[in-house]
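A.B. asks: Next up is a structure, given as structure tokens.
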Amino acid sequence: MLHRPELFTAGLHLSFFPLGDALRSAVRDRNWEKVDQEFRLLTQSEGDLFQFLREFHDFSQIEFIISLRSAQNDWEEDGIWHDDGSRVFAFSLSLTESPETITGGHLGVRRKGEETFLSVPTPSFGEVILFLTGTYGFEHKIHRVTAGERIIIAGWCS
């Protein structure tokens with residue numbers, strides 16, 4: 001059941017999910033194990049993030065990774081356009097406290113086969129970009145970070 005049809009207008013929707021001070025501290029301390037533990041709880045079916053995302057679309061499970069992209073990485077490059085297969089939708093939940101220090105790292109979202117795309121800069125801590133996947137004819141990519149560091153939780157709902 002679809003609860004928020006605006007997600008389907010452009011293929012993406014920007015929202016906010018409140019994250020606690022303990023999680024902010026874990027990110028500042030670069031305690032990725034603690035961040036991972038917190039998100040394992042948040043993404044379980046009874047977790048707050050799971051319930052929040054269910055307001056946008058029905059799904060039964062969430063997969064996620066901590067994604068750290070930095071201009072300091074020798075391997076940093078533009079991502080490729082892809083559609084995340086059969087997943088219903090995806091999200092990028094920002095753990096970045098100072099997105100104004102980042103150059104690049106935009107999320108591009110477009111309909112498959114189109115050249116034009118929406119480009120969304122890295123949002124602030126707690127802001128979340130929800131976007132449709134190949135199931136709905138959309139694809140996306142992350143552009144190269146050329147200055148600063150982009151920290152997000154990348155997640156997929158299926």
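Just so we're on the same page: first chain in the structure tokens is A, next is B, and so on; residues restart at 1 for each chain, and ligands are numbered from 1 in the order they show up.
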With only C-alpha atoms as the counted atoms, please give the residues lying no more than 12 Å from Leu12 of chain A, apart from itself and same-chain residues fewer than 4 positions off, as a PyMOL selection string.
C.D. replies: chain A and resi 4-8+56+89-92+107-111+117-120+128-133+136+138-140
A.B. asks: Can you tell me, as a VMD selection string, what residues are no more than 8 Å from Glu127 of chain A when counting only C-alpha atoms, ignoring any on the same chain fewer than 6 positions away?
C.D. replies: chain A and resid 14 to 17 93 to 94
A.B. asks: Between A:Asp83, A:Ile152, A:Phe125, A:Arg40, single out the one closest to Lys112 of chain A, counting only C-alpha atoms.
C.D. replies: A:Asp83
A.B. asks: Excluding segment 73-78 of chain A and residues on its chain fewer than 3 positions from it, collect all residues at most 6 Å away from it, counting only C-alpha atoms, and give them as a ChimeraX atom specification.
C.D. replies: /A:70,143-144
A.B. asks: Can you list, as a count of residues only, all residues belonging to segment 20-123 of chain A that DSSP tags as strand (DSSP E or B)?
C.D. replies: 26
A.B. asks: If I take atom CA of Thr135 of chain A and atom CA of Ser158 of chain A, how far is one from the other in Å, to one decimal?
C.D. replies: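 Atom CA of Ser158 of chain A lies at a distance of 10.2 Å from atom CA of Thr135 of chain A.
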A.B. asks: Which of these residues is nearest to Gly155 of chain A, using only C-alpha atoms: A:Asp58, A:Asp84, A:Asp29, A:Asp48?
C.D. replies: A:Asp84
A.B. asks: As an exercise, work out the distance from atom CA of Arg28 of chain A to atom CA of Ile151 of chain A in Å and give it to one decimal place.
C.D. replies: 10.7 Å
A.B. asks: Which one is closest to Leu53 of chain A: A:Ile102, A:Ala147, A:Ile80, A:Val88? Count only C-alpha atoms.
C.D. replies: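 Among the listed residues, A:Val88 lies closest to Leu53 of chain A.
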A.B. asks: Smallest atom-to-atom distance to Glu97 of chain A: which of A:Gln37, A:Ser124, A:Thr116, A:Gln72, using only C-alpha atoms?
C.D. replies: A:Ser124
A.B. asks: Give me, as a short mmCIF file (atom, residue, chain, number, x, y, z; two decimals) with C-alpha atoms, in the first residue's frame, all polymer residues having an atom no more than 12 Å from Ser45 of chain A, counting only C-alpha atoms and skipping those fewer than 5 positions away in the same chain.
C.D. replies:
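File produced: selection13.cif:
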```cif
data_model
loop_
_atom_site.label_atom_id
_atom_site.label_comp_id
_atom_site.auth_asym_id
_atom_site.auth_seq_id
_atom_site.Cartn_x
_atom_site.Cartn_y
_atom_site.Cartn_z
CA PHE A 39 21.35 0.56 12.41
CA ARG A 40 20.79 -3.18 12.85
CA PHE A 50 11.81 0.47 9.40
CA GLN A 51 8.53 1.93 10.62
CA PHE A 52 9.38 5.39 9.26
CA LEU A 53 10.17 4.01 5.79
CA ARG A 54 6.94 1.99 5.77
CA ASP A 58 5.33 -1.44 1.79
CA PHE A 59 8.32 -3.81 2.04
CA SER A 60 9.43 -6.68 4.26
CA GLN A 61 13.17 -6.18 4.86
CA ILE A 62 16.00 -3.66 4.80
CA GLU A 63 19.62 -4.22 3.84
CA CYS A 157 14.03 -2.09 0.90
#
```
